[in-house]
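**Q** Contents of input17.txt (compact mmCIF, N, CA and C atoms) are given next:
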```txt
# COMPACT_ATOMS: atom_id res chain seq x y z
N MET S 1 166.14 219.49 119.26
CA MET S 1 167.00 218.49 119.85
C MET S 1 166.19 217.55 120.74
N LYS S 2 165.22 218.11 121.45
CA LYS S 2 164.39 217.29 122.32
C LYS S 2 163.62 216.25 121.52
N HIS S 3 163.16 216.62 120.32
CA HIS S 3 162.39 215.70 119.49
C HIS S 3 163.26 214.55 118.99
N ARG S 4 164.52 214.83 118.64
CA ARG S 4 165.41 213.77 118.18
C ARG S 4 165.66 212.75 119.30
N PHE S 5 165.86 213.25 120.50
CA PHE S 5 166.11 212.38 121.65
C PHE S 5 164.90 211.48 121.89
N SER S 6 163.71 212.06 121.87
CA SER S 6 162.48 211.29 122.08
C SER S 6 162.27 210.27 120.97
N ALA S 7 162.56 210.66 119.73
CA ALA S 7 162.40 209.75 118.60
C ALA S 7 163.36 208.56 118.72
N ALA S 8 164.57 208.83 119.19
CA ALA S 8 165.54 207.75 119.37
C ALA S 8 165.06 206.75 120.42
N TRP S 9 164.53 207.26 121.53
CA TRP S 9 164.02 206.36 122.57
C TRP S 9 162.81 205.59 122.06
N LEU S 10 161.96 206.23 121.28
CA LEU S 10 160.79 205.56 120.72
C LEU S 10 161.23 204.44 119.78
N ALA S 11 162.21 204.71 118.92
CA ALA S 11 162.71 203.69 118.00
C ALA S 11 163.32 202.52 118.76
N LEU S 12 164.08 202.82 119.80
CA LEU S 12 164.69 201.77 120.60
C LEU S 12 163.61 200.91 121.28
N GLY S 13 162.58 201.57 121.78
CA GLY S 13 161.47 200.85 122.42
C GLY S 13 160.76 199.94 121.44
N CYS S 14 160.51 200.42 120.23
CA CYS S 14 159.85 199.60 119.20
C CYS S 14 160.72 198.40 118.83
N LEU S 15 162.02 198.63 118.70
CA LEU S 15 162.93 197.54 118.37
C LEU S 15 162.90 196.48 119.46
N THR S 16 162.92 196.92 120.70
CA THR S 16 162.91 195.99 121.82
C THR S 16 161.62 195.17 121.82
N LEU S 17 160.49 195.80 121.51
CA LEU S 17 159.21 195.10 121.51
C LEU S 17 159.12 194.08 120.38
N THR S 18 159.86 194.28 119.28
CA THR S 18 159.75 193.36 118.16
C THR S 18 160.72 192.20 118.24
N LEU S 19 161.69 192.25 119.16
CA LEU S 19 162.62 191.14 119.30
C LEU S 19 161.93 189.96 119.97
N PRO S 20 162.18 188.75 119.50
CA PRO S 20 161.61 187.59 120.18
C PRO S 20 162.21 187.44 121.58
N PRO S 21 161.56 186.69 122.47
CA PRO S 21 162.11 186.47 123.79
C PRO S 21 163.54 185.97 123.72
N GLU S 22 164.36 186.38 124.62
CA GLU S 22 165.76 186.01 124.70
C GLU S 22 166.55 186.47 123.48
N GLY S 23 165.97 187.35 122.61
CA GLY S 23 166.69 187.84 121.45
C GLY S 23 166.96 186.75 120.42
N ARG S 24 166.19 185.68 120.41
CA ARG S 24 166.44 184.57 119.50
C ARG S 24 165.36 184.53 118.43
N ALA S 25 165.75 184.18 117.23
CA ALA S 25 164.81 184.07 116.12
C ALA S 25 165.04 182.75 115.40
N GLU S 26 164.06 182.34 114.62
CA GLU S 26 164.20 181.12 113.83
C GLU S 26 165.36 181.29 112.86
N LEU S 27 166.08 180.21 112.65
CA LEU S 27 167.22 180.24 111.73
C LEU S 27 166.74 179.95 110.31
N PRO S 28 167.36 180.58 109.31
CA PRO S 28 166.97 180.30 107.93
C PRO S 28 167.44 178.90 107.50
N PRO S 29 166.78 178.31 106.51
CA PRO S 29 167.15 176.97 106.06
C PRO S 29 168.63 176.84 105.67
N ALA S 30 169.23 177.89 105.14
CA ALA S 30 170.63 177.81 104.73
C ALA S 30 171.56 177.53 105.91
N VAL S 31 171.19 177.98 107.11
CA VAL S 31 172.01 177.71 108.30
C VAL S 31 171.97 176.22 108.63
N TYR S 32 170.77 175.64 108.62
CA TYR S 32 170.66 174.21 108.88
C TYR S 32 171.34 173.40 107.78
N ALA S 33 171.26 173.88 106.53
CA ALA S 33 171.93 173.20 105.41
C ALA S 33 173.44 173.16 105.65
N GLN S 34 174.00 174.26 106.09
CA GLN S 34 175.44 174.29 106.38
C GLN S 34 175.78 173.32 107.52
N GLU S 35 174.93 173.25 108.54
CA GLU S 35 175.16 172.30 109.63
C GLU S 35 175.09 170.86 109.13
N HIS S 36 174.17 170.58 108.18
CA HIS S 36 174.09 169.24 107.59
C HIS S 36 175.40 168.92 106.87
N ARG S 37 175.88 169.87 106.06
CA ARG S 37 177.10 169.62 105.29
C ARG S 37 178.32 169.44 106.21
N GLN S 38 178.32 170.10 107.36
CA GLN S 38 179.47 170.03 108.27
C GLN S 38 179.38 168.86 109.26
N ALA S 39 178.23 168.22 109.36
CA ALA S 39 178.08 167.11 110.31
C ALA S 39 179.01 165.97 109.92
N PRO S 40 179.78 165.45 110.87
CA PRO S 40 180.70 164.36 110.55
C PRO S 40 179.98 163.08 110.12
N TYR S 41 178.79 162.84 110.65
CA TYR S 41 178.06 161.61 110.34
C TYR S 41 176.71 161.95 109.72
N ALA S 42 176.41 161.31 108.59
CA ALA S 42 175.08 161.35 107.98
C ALA S 42 174.63 159.90 107.90
N LEU S 43 173.58 159.57 108.64
CA LEU S 43 173.15 158.18 108.78
C LEU S 43 171.65 158.05 108.57
N GLU S 44 171.21 156.86 108.29
CA GLU S 44 169.79 156.50 108.32
C GLU S 44 169.66 155.59 109.53
N LEU S 45 168.73 155.92 110.44
CA LEU S 45 168.60 155.19 111.70
C LEU S 45 167.21 154.60 111.88
N LEU S 46 167.15 153.52 112.63
CA LEU S 46 165.89 152.96 113.13
C LEU S 46 165.96 153.08 114.64
N VAL S 47 165.04 153.85 115.21
CA VAL S 47 165.03 154.08 116.66
C VAL S 47 164.50 152.83 117.34
N ARG S 48 165.29 152.29 118.25
CA ARG S 48 164.91 151.07 118.97
C ARG S 48 164.28 151.38 120.32
N SER S 49 164.86 152.33 121.06
CA SER S 49 164.27 152.68 122.37
C SER S 49 164.61 154.12 122.71
N VAL S 50 163.74 154.71 123.54
CA VAL S 50 163.92 156.10 124.01
C VAL S 50 163.64 156.12 125.50
N HIS S 51 164.59 156.65 126.25
CA HIS S 51 164.42 156.81 127.69
C HIS S 51 164.46 158.30 128.00
N ARG S 52 163.40 158.81 128.64
CA ARG S 52 163.30 160.23 128.97
C ARG S 52 163.46 160.44 130.47
N THR S 53 164.19 161.49 130.84
CA THR S 53 164.27 161.91 132.23
C THR S 53 163.93 163.40 132.27
N GLY S 54 163.45 163.86 133.40
CA GLY S 54 163.07 165.26 133.54
C GLY S 54 161.60 165.45 133.25
N SER S 55 161.18 166.70 133.19
CA SER S 55 159.77 167.02 132.94
C SER S 55 159.64 167.94 131.74
N VAL S 56 158.46 167.95 131.15
CA VAL S 56 158.19 168.81 130.00
C VAL S 56 158.36 170.27 130.40
N ALA S 57 157.91 170.63 131.59
CA ALA S 57 157.99 172.03 132.03
C ALA S 57 159.43 172.49 132.25
N ALA S 58 160.28 171.61 132.75
CA ALA S 58 161.66 171.99 133.07
C ALA S 58 162.65 171.58 131.99
N GLY S 59 162.22 170.77 131.03
CA GLY S 59 163.12 170.25 130.00
C GLY S 59 163.42 168.79 130.27
N GLN S 60 163.59 168.04 129.23
CA GLN S 60 163.85 166.61 129.36
C GLN S 60 165.19 166.26 128.73
N GLN S 61 165.76 165.16 129.19
CA GLN S 61 166.97 164.60 128.61
C GLN S 61 166.57 163.28 127.96
N LEU S 62 166.96 163.05 126.72
CA LEU S 62 166.64 161.81 126.02
C LEU S 62 167.89 160.97 125.83
N GLN S 63 167.73 159.69 126.06
CA GLN S 63 168.76 158.69 125.78
C GLN S 63 168.12 157.74 124.76
N VAL S 64 168.68 157.71 123.58
CA VAL S 64 168.10 156.96 122.47
C VAL S 64 169.07 155.85 122.04
N VAL S 65 168.53 154.65 121.83
CA VAL S 65 169.30 153.57 121.22
C VAL S 65 168.73 153.39 119.82
N ALA S 66 169.61 153.42 118.82
CA ALA S 66 169.18 153.30 117.43
C ALA S 66 170.07 152.32 116.68
N GLN S 67 169.49 151.71 115.66
CA GLN S 67 170.23 150.80 114.79
C GLN S 67 170.58 151.56 113.52
N VAL S 68 171.82 151.46 113.08
CA VAL S 68 172.25 152.09 111.83
C VAL S 68 171.72 151.26 110.67
N LEU S 69 170.94 151.90 109.80
CA LEU S 69 170.42 151.23 108.61
C LEU S 69 171.31 151.52 107.39
N GLU S 70 171.85 152.75 107.36
CA GLU S 70 172.69 153.15 106.23
C GLU S 70 173.68 154.20 106.70
N VAL S 71 174.91 154.10 106.21
CA VAL S 71 175.93 155.10 106.49
C VAL S 71 176.12 155.90 105.20
N LYS S 72 175.71 157.16 105.23
CA LYS S 72 175.84 158.03 104.06
C LYS S 72 177.16 158.78 104.08
N ARG S 73 177.63 159.11 105.28
CA ARG S 73 178.91 159.82 105.44
C ARG S 73 179.42 159.57 106.84
N GLN S 74 180.74 159.41 106.95
CA GLN S 74 181.39 159.30 108.26
C GLN S 74 182.85 159.70 108.08
N PRO S 75 183.50 160.11 109.16
CA PRO S 75 184.91 160.51 109.05
C PRO S 75 185.80 159.34 108.63
N ALA S 76 186.91 159.68 107.98
CA ALA S 76 187.88 158.65 107.61
C ALA S 76 188.31 157.92 108.89
N GLY S 77 188.40 156.64 108.82
CA GLY S 77 188.81 155.85 109.98
C GLY S 77 187.65 155.40 110.86
N ALA S 78 186.47 156.02 110.70
CA ALA S 78 185.30 155.58 111.47
C ALA S 78 184.82 154.25 110.90
N ARG S 79 184.24 153.43 111.74
CA ARG S 79 183.89 152.08 111.30
C ARG S 79 182.41 151.73 111.51
N LEU S 80 181.54 152.72 111.44
CA LEU S 80 180.11 152.40 111.56
C LEU S 80 179.66 151.65 110.32
N LYS S 81 178.77 150.69 110.52
CA LYS S 81 178.23 149.95 109.40
C LYS S 81 176.77 149.61 109.68
N PRO S 82 175.99 149.32 108.64
CA PRO S 82 174.60 148.93 108.86
C PRO S 82 174.52 147.76 109.84
N GLY S 83 173.56 147.85 110.75
CA GLY S 83 173.38 146.84 111.78
C GLY S 83 173.96 147.24 113.12
N ASP S 84 174.91 148.18 113.14
CA ASP S 84 175.49 148.64 114.41
C ASP S 84 174.44 149.38 115.24
N GLN S 85 174.57 149.27 116.55
CA GLN S 85 173.71 150.05 117.45
C GLN S 85 174.51 151.23 117.98
N ILE S 86 173.86 152.38 118.04
CA ILE S 86 174.49 153.57 118.59
C ILE S 86 173.58 154.16 119.66
N ARG S 87 174.15 155.04 120.46
CA ARG S 87 173.39 155.75 121.50
C ARG S 87 173.46 157.25 121.22
N LEU S 88 172.32 157.88 121.35
CA LEU S 88 172.21 159.34 121.19
C LEU S 88 171.78 159.94 122.51
N SER S 89 172.35 161.08 122.84
CA SER S 89 171.93 161.82 124.04
C SER S 89 171.69 163.26 123.64
N TYR S 90 170.54 163.80 124.05
CA TYR S 90 170.28 165.22 123.81
C TYR S 90 169.14 165.70 124.70
N GLY S 91 169.11 167.00 124.87
CA GLY S 91 168.09 167.60 125.71
C GLY S 91 166.97 168.21 124.91
N LEU S 92 165.79 168.20 125.49
CA LEU S 92 164.63 168.91 124.95
C LEU S 92 164.42 170.12 125.84
N PRO S 93 164.25 171.30 125.26
CA PRO S 93 164.06 172.49 126.09
C PRO S 93 162.71 172.46 126.79
N PRO S 94 162.55 173.29 127.82
CA PRO S 94 161.23 173.40 128.47
C PRO S 94 160.19 173.87 127.45
N ALA S 95 158.94 173.62 127.76
CA ALA S 95 157.85 174.07 126.90
C ALA S 95 157.97 175.58 126.69
N ARG S 96 157.74 176.03 125.47
CA ARG S 96 157.85 177.45 125.13
C ARG S 96 156.51 178.16 125.29
N PRO S 97 156.57 179.45 125.66
CA PRO S 97 155.32 180.21 125.71
C PRO S 97 154.74 180.39 124.30
N GLN S 98 153.44 180.60 124.21
CA GLN S 98 152.77 180.82 122.92
C GLN S 98 153.42 182.00 122.22
N GLY S 99 153.70 181.85 120.93
CA GLY S 99 154.27 182.93 120.13
C GLY S 99 155.78 183.06 120.24
N TRP S 100 156.43 182.18 120.98
CA TRP S 100 157.88 182.25 121.15
C TRP S 100 158.54 181.90 119.83
N ALA S 101 159.54 182.69 119.46
CA ALA S 101 160.33 182.39 118.27
C ALA S 101 161.73 182.04 118.71
N GLY S 102 162.35 181.15 118.00
CA GLY S 102 163.72 180.77 118.33
C GLY S 102 164.17 179.63 117.46
N PRO S 103 165.42 179.23 117.60
CA PRO S 103 165.90 178.09 116.81
C PRO S 103 165.03 176.87 117.07
N SER S 104 164.84 176.08 116.05
CA SER S 104 164.03 174.88 116.20
C SER S 104 164.67 173.94 117.23
N PRO S 105 163.89 173.46 118.19
CA PRO S 105 164.45 172.49 119.13
C PRO S 105 164.62 171.13 118.44
N VAL S 106 165.53 170.33 118.94
CA VAL S 106 165.71 168.99 118.40
C VAL S 106 164.43 168.21 118.73
N PRO S 107 163.83 167.57 117.73
CA PRO S 107 162.58 166.85 118.00
C PRO S 107 162.81 165.56 118.78
N PRO S 108 161.84 165.18 119.58
CA PRO S 108 161.96 163.88 120.27
C PRO S 108 161.79 162.75 119.26
N LEU S 109 162.57 161.73 119.41
CA LEU S 109 162.44 160.54 118.56
C LEU S 109 161.56 159.52 119.26
N GLU S 110 160.93 158.66 118.49
CA GLU S 110 160.03 157.64 119.04
C GLU S 110 160.48 156.26 118.59
N PRO S 111 160.32 155.24 119.44
CA PRO S 111 160.68 153.87 119.04
C PRO S 111 159.95 153.46 117.76
N GLY S 112 160.68 152.80 116.86
CA GLY S 112 160.11 152.36 115.59
C GLY S 112 160.28 153.38 114.47
N GLU S 113 160.65 154.59 114.80
CA GLU S 113 160.80 155.65 113.80
C GLU S 113 162.08 155.41 112.98
N ARG S 114 161.97 155.63 111.69
CA ARG S 114 163.12 155.55 110.77
C ARG S 114 163.43 156.98 110.35
N VAL S 115 164.66 157.43 110.62
CA VAL S 115 164.99 158.84 110.37
C VAL S 115 166.39 159.01 109.78
N PRO S 116 166.52 159.95 108.83
CA PRO S 116 167.85 160.41 108.46
C PRO S 116 168.40 161.23 109.62
N ALA S 117 169.69 161.11 109.90
CA ALA S 117 170.27 161.81 111.05
C ALA S 117 171.62 162.42 110.71
N TRP S 118 171.85 163.64 111.19
CA TRP S 118 173.13 164.33 111.07
C TRP S 118 173.68 164.45 112.47
N LEU S 119 174.80 163.74 112.72
CA LEU S 119 175.29 163.59 114.08
C LEU S 119 176.77 163.95 114.23
N SER S 120 177.14 164.22 115.48
CA SER S 120 178.53 164.44 115.89
C SER S 120 178.85 163.44 116.98
N PRO S 121 180.13 163.07 117.13
CA PRO S 121 180.48 162.19 118.24
C PRO S 121 180.19 162.87 119.57
N ASP S 122 179.74 162.10 120.53
CA ASP S 122 179.52 162.62 121.89
C ASP S 122 180.79 162.36 122.69
N PRO S 123 181.30 163.39 123.38
CA PRO S 123 182.51 163.20 124.16
C PRO S 123 182.36 162.16 125.28
N ALA S 124 181.12 161.73 125.55
CA ALA S 124 180.88 160.75 126.61
C ALA S 124 181.50 159.39 126.30
N GLY S 125 181.84 159.13 125.03
CA GLY S 125 182.49 157.86 124.74
C GLY S 125 182.19 157.32 123.37
N PRO S 126 182.89 156.25 122.99
CA PRO S 126 182.70 155.64 121.67
C PRO S 126 181.29 155.05 121.54
N GLY S 127 180.77 155.14 120.32
CA GLY S 127 179.43 154.61 120.07
C GLY S 127 178.33 155.54 120.55
N ARG S 128 178.72 156.73 121.01
CA ARG S 128 177.74 157.72 121.50
C ARG S 128 177.77 158.94 120.58
N PHE S 129 176.59 159.47 120.31
CA PHE S 129 176.47 160.58 119.38
C PHE S 129 175.51 161.63 119.92
N GLN S 130 175.56 162.82 119.30
CA GLN S 130 174.64 163.89 119.64
C GLN S 130 174.23 164.59 118.34
N PRO S 131 173.07 165.26 118.35
CA PRO S 131 172.63 165.96 117.15
C PRO S 131 173.65 167.02 116.71
N ALA S 132 173.84 167.13 115.39
CA ALA S 132 174.83 168.07 114.85
C ALA S 132 174.19 169.27 114.15
N ALA S 133 172.88 169.23 113.96
CA ALA S 133 172.22 170.31 113.21
C ALA S 133 171.00 170.85 113.95
N GLY S 134 171.11 170.96 115.27
CA GLY S 134 170.01 171.53 116.06
C GLY S 134 168.69 170.86 115.74
N GLY S 135 167.66 171.68 115.56
CA GLY S 135 166.31 171.18 115.33
C GLY S 135 166.10 170.48 114.00
N ARG S 136 167.09 170.50 113.14
CA ARG S 136 166.99 169.80 111.86
C ARG S 136 167.99 168.64 111.78
N SER S 137 168.36 168.10 112.93
CA SER S 137 169.29 166.98 112.96
C SER S 137 168.66 165.68 112.47
N PHE S 138 167.34 165.62 112.49
CA PHE S 138 166.62 164.44 112.04
C PHE S 138 165.58 164.88 111.02
N GLY S 139 165.52 164.18 109.90
CA GLY S 139 164.53 164.53 108.88
C GLY S 139 165.19 164.73 107.53
N PRO S 140 164.46 165.31 106.60
CA PRO S 140 164.95 165.44 105.22
C PRO S 140 166.26 166.23 105.14
N SER S 141 167.05 165.89 104.16
CA SER S 141 168.33 166.58 103.94
C SER S 141 168.10 168.00 103.44
N LEU S 142 168.90 168.90 103.97
CA LEU S 142 168.91 170.28 103.50
C LEU S 142 170.27 170.62 102.88
N GLU S 143 171.10 169.61 102.65
CA GLU S 143 172.46 169.86 102.18
C GLU S 143 172.51 170.62 100.86
N ALA S 144 171.49 170.54 100.02
CA ALA S 144 171.50 171.23 98.75
C ALA S 144 171.07 172.69 98.85
N VAL S 145 170.52 173.10 99.99
CA VAL S 145 170.06 174.49 100.16
C VAL S 145 171.27 175.41 100.29
N VAL S 146 171.23 176.53 99.57
CA VAL S 146 172.31 177.51 99.65
C VAL S 146 171.74 178.86 100.04
N GLU S 147 172.60 179.70 100.60
CA GLU S 147 172.21 181.05 101.00
C GLU S 147 171.84 181.85 99.76
N PRO S 148 170.68 182.52 99.75
CA PRO S 148 170.31 183.33 98.59
C PRO S 148 171.29 184.50 98.45
N THR S 149 171.63 184.82 97.22
CA THR S 149 172.53 185.96 96.99
C THR S 149 171.70 187.21 96.72
N PRO S 150 172.16 188.34 97.27
CA PRO S 150 171.36 189.58 97.10
C PRO S 150 171.39 190.11 95.69
```
In structure tokens, how does this file's structure come out?
**A**
Amino acid sequence: MKHRFSAAWLALGCLTLTLPPEGRAELPPAVYAQEHRQAPYALELLVRSVHRTGSVAAGQQLQVVAQVLEVKRQPAGARLKPGDQIRLSYGLPPARPQGWAGPSPVPPLEPGERVPAWLSPDPAGPGRFQPAAGGRSFGPSLEAVVEPTP
């Protein structure tokens, strides 16, 4: 009985050591694909300006002004069209320790960058948006990726 108890504690200790910090791990592509499919807005954007507040060590807040180049998807009744300017707001997490695993952070955008974007309306007001697919909110589409079947 003593050996079973010790083995259980040893197994628990090994499990704890293998978990990434904060118990977070990278998400599989199928999760981001589902977020792409569920995003209310799929747009092609040209980043016009980026304003950063905060520090890299503590995390930054980005305010982005972008021009809509193409509307691939939007909710019924929405009226975005090419040429419209929109505002994006999102946070960048603090710098991660070496070897940290976790969901991909939303990448910082740079002025002049042309990016596909999966967005949700920002409750802050009309014409304001926020990333809808975490760290894969900007970049190539993953909408065709499906969960592998066992």
**Q** If you measure from atom C of Arg79 in chain S to atom N of Gly112 in chain S, what distance in Å do you get, rounded to one decimal?
**A**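 Between atom C of Arg79 in chain S and atom N of Gly112 in chain S the gap works out to 22.4 Å.
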**Q** Just the number, please: distance in Å from atom N of Val115 in chain S to atom N of Gly139 in chain S, one decimal.
**A** 6.8 Å
**Q** Find the residues around Arg52 in chain S up to 8 Å (all atoms listed in the file counted), leave out those fewer than 2 positions away in its own chain, and share them as a VMD selection string.
**A** chain S and resid 49 to 50 54 to 55 60 to 64
**Q** Which residues are close to Arg114 in chain S, i.e. within 7 Å by all atoms listed in the file, leaving aside same-chain residues fewer than 3 positions away? Reply as a list in words.
**A**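 Here the qualifying residues turn out to be Glu44, Leu45, Leu46, Val47 and Pro111 of chain S.
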**Q** With distances taken over only C-alpha atoms, which residue among S:Gly91, S:Leu119, S:Pro131, S:Pro103 lies nearest Val31 in chain S?
**A**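 Under the stated criterion, the closest residue is S:Pro103.
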**Q** Give me the residues within 6 Å of Ala57 in chain S as a ChimeraX atom specification, counting only N, CA and C atoms and dropping any in the same chain fewer than 2 places off.
**A** /S:55,59,94-95
**Q** Work out how far apart CA of Glu143 in chain S and CA of Ser104 in chain S are and give it in Å to one decimal.
**A**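 These two atoms are separated by 17.1 Å.
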**Q** Find the residue from S:Val56, S:Pro123, S:Pro116, S:Pro108 that sits nearest to Arg96 in chain S; use all atoms listed in the file when measuring.
**A**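 Closest candidate: S:Val56.
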**Q** Here is a test: counting all atoms listed in the file, which residue of S:Val106, S:Leu92, S:Ala58, S:Ile86 is nearest to Pro126 in chain S?
**A** S:Ile86
**Q** Kindly indicate which residue among S:Ala39, S:Leu69, S:Leu142, S:Leu88 lies nearest to Asp122 in chain S, using only C-alpha atoms for the distances.
**A**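 Comparing S:Ala39, S:Leu69, S:Leu142, S:Leu88 against Asp122 in chain S, the winner is S:Leu88.
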**Q** Need to verify the contact set: Ser141 in chain S, 12 Å, only C-alpha atoms, exclusion of same-chain residues closer than 4 positions in sequence. Can you return it as a PyMOL selection string?
**A** chain S and resi 29-30+32-37+39+42-44+72+115-118+133+136-137+145
**Q** Between S:Gln67, S:Gln38, S:Thr53, S:Gln130, single out the one closest to Asp84 in chain S, counting only N, CA and C atoms.
**A** S:Gln67
**Q** Would you give me, as an NGL selection string, the residues in range 9-145 of chain S that DSSP reads as strand (DSSP E or B)?
**A** :S and (41-55 or 59-73 or 85-92 or 114-121 or 128-131 or 138)
**Q** Smallest atom-to-atom distance to Ala66 in chain S: which of S:Gly83, S:Ala132, S:Pro105, S:Tyr41, using only N, CA and C atoms?
**A**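 The closest residue to Ala66 in chain S is S:Gly83.
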**Q** Complete the atoms of range 38-50 of chain S to N, CA, C and O atoms and put them out as a compact mmCIF listing (two decimals), in the coordinates of the input.
**A**
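File produced: rebuild.txt:
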```
# COMPACT_ATOMS: atom_id res chain seq x y z
N GLN S 38 178.32 170.10 107.36
CA GLN S 38 179.47 170.03 108.27
C GLN S 38 179.38 168.86 109.26
O GLN S 38 180.36 168.56 109.94
N ALA S 39 178.23 168.22 109.36
CA ALA S 39 178.08 167.11 110.31
C ALA S 39 179.01 165.97 109.92
O ALA S 39 179.04 165.54 108.76
N PRO S 40 179.78 165.45 110.87
CA PRO S 40 180.70 164.36 110.55
C PRO S 40 179.98 163.08 110.12
O PRO S 40 180.50 162.32 109.31
N TYR S 41 178.79 162.84 110.65
CA TYR S 41 178.06 161.61 110.34
C TYR S 41 176.71 161.95 109.72
O TYR S 41 175.96 162.77 110.25
N ALA S 42 176.41 161.31 108.59
CA ALA S 42 175.08 161.35 107.98
C ALA S 42 174.63 159.90 107.90
O ALA S 42 175.25 159.09 107.21
N LEU S 43 173.58 159.57 108.64
CA LEU S 43 173.15 158.18 108.78
C LEU S 43 171.65 158.05 108.57
O LEU S 43 170.91 159.03 108.70
N GLU S 44 171.21 156.86 108.29
CA GLU S 44 169.79 156.50 108.32
C GLU S 44 169.66 155.59 109.53
O GLU S 44 170.40 154.61 109.66
N LEU S 45 168.73 155.92 110.44
CA LEU S 45 168.60 155.19 111.70
C LEU S 45 167.21 154.60 111.88
O LEU S 45 166.22 155.16 111.39
N LEU S 46 167.15 153.52 112.63
CA LEU S 46 165.89 152.96 113.13
C LEU S 46 165.96 153.08 114.64
O LEU S 46 166.86 152.51 115.27
N VAL S 47 165.04 153.85 115.21
CA VAL S 47 165.03 154.08 116.66
C VAL S 47 164.50 152.83 117.34
O VAL S 47 163.40 152.36 117.05
N ARG S 48 165.29 152.29 118.25
CA ARG S 48 164.91 151.07 118.97
C ARG S 48 164.28 151.38 120.32
O ARG S 48 163.30 150.75 120.71
N SER S 49 164.86 152.33 121.06
CA SER S 49 164.27 152.68 122.37
C SER S 49 164.61 154.12 122.71
O SER S 49 165.60 154.68 122.23
N VAL S 50 163.74 154.71 123.54
CA VAL S 50 163.92 156.10 124.01
C VAL S 50 163.64 156.12 125.50
O VAL S 50 162.59 155.66 125.95
```
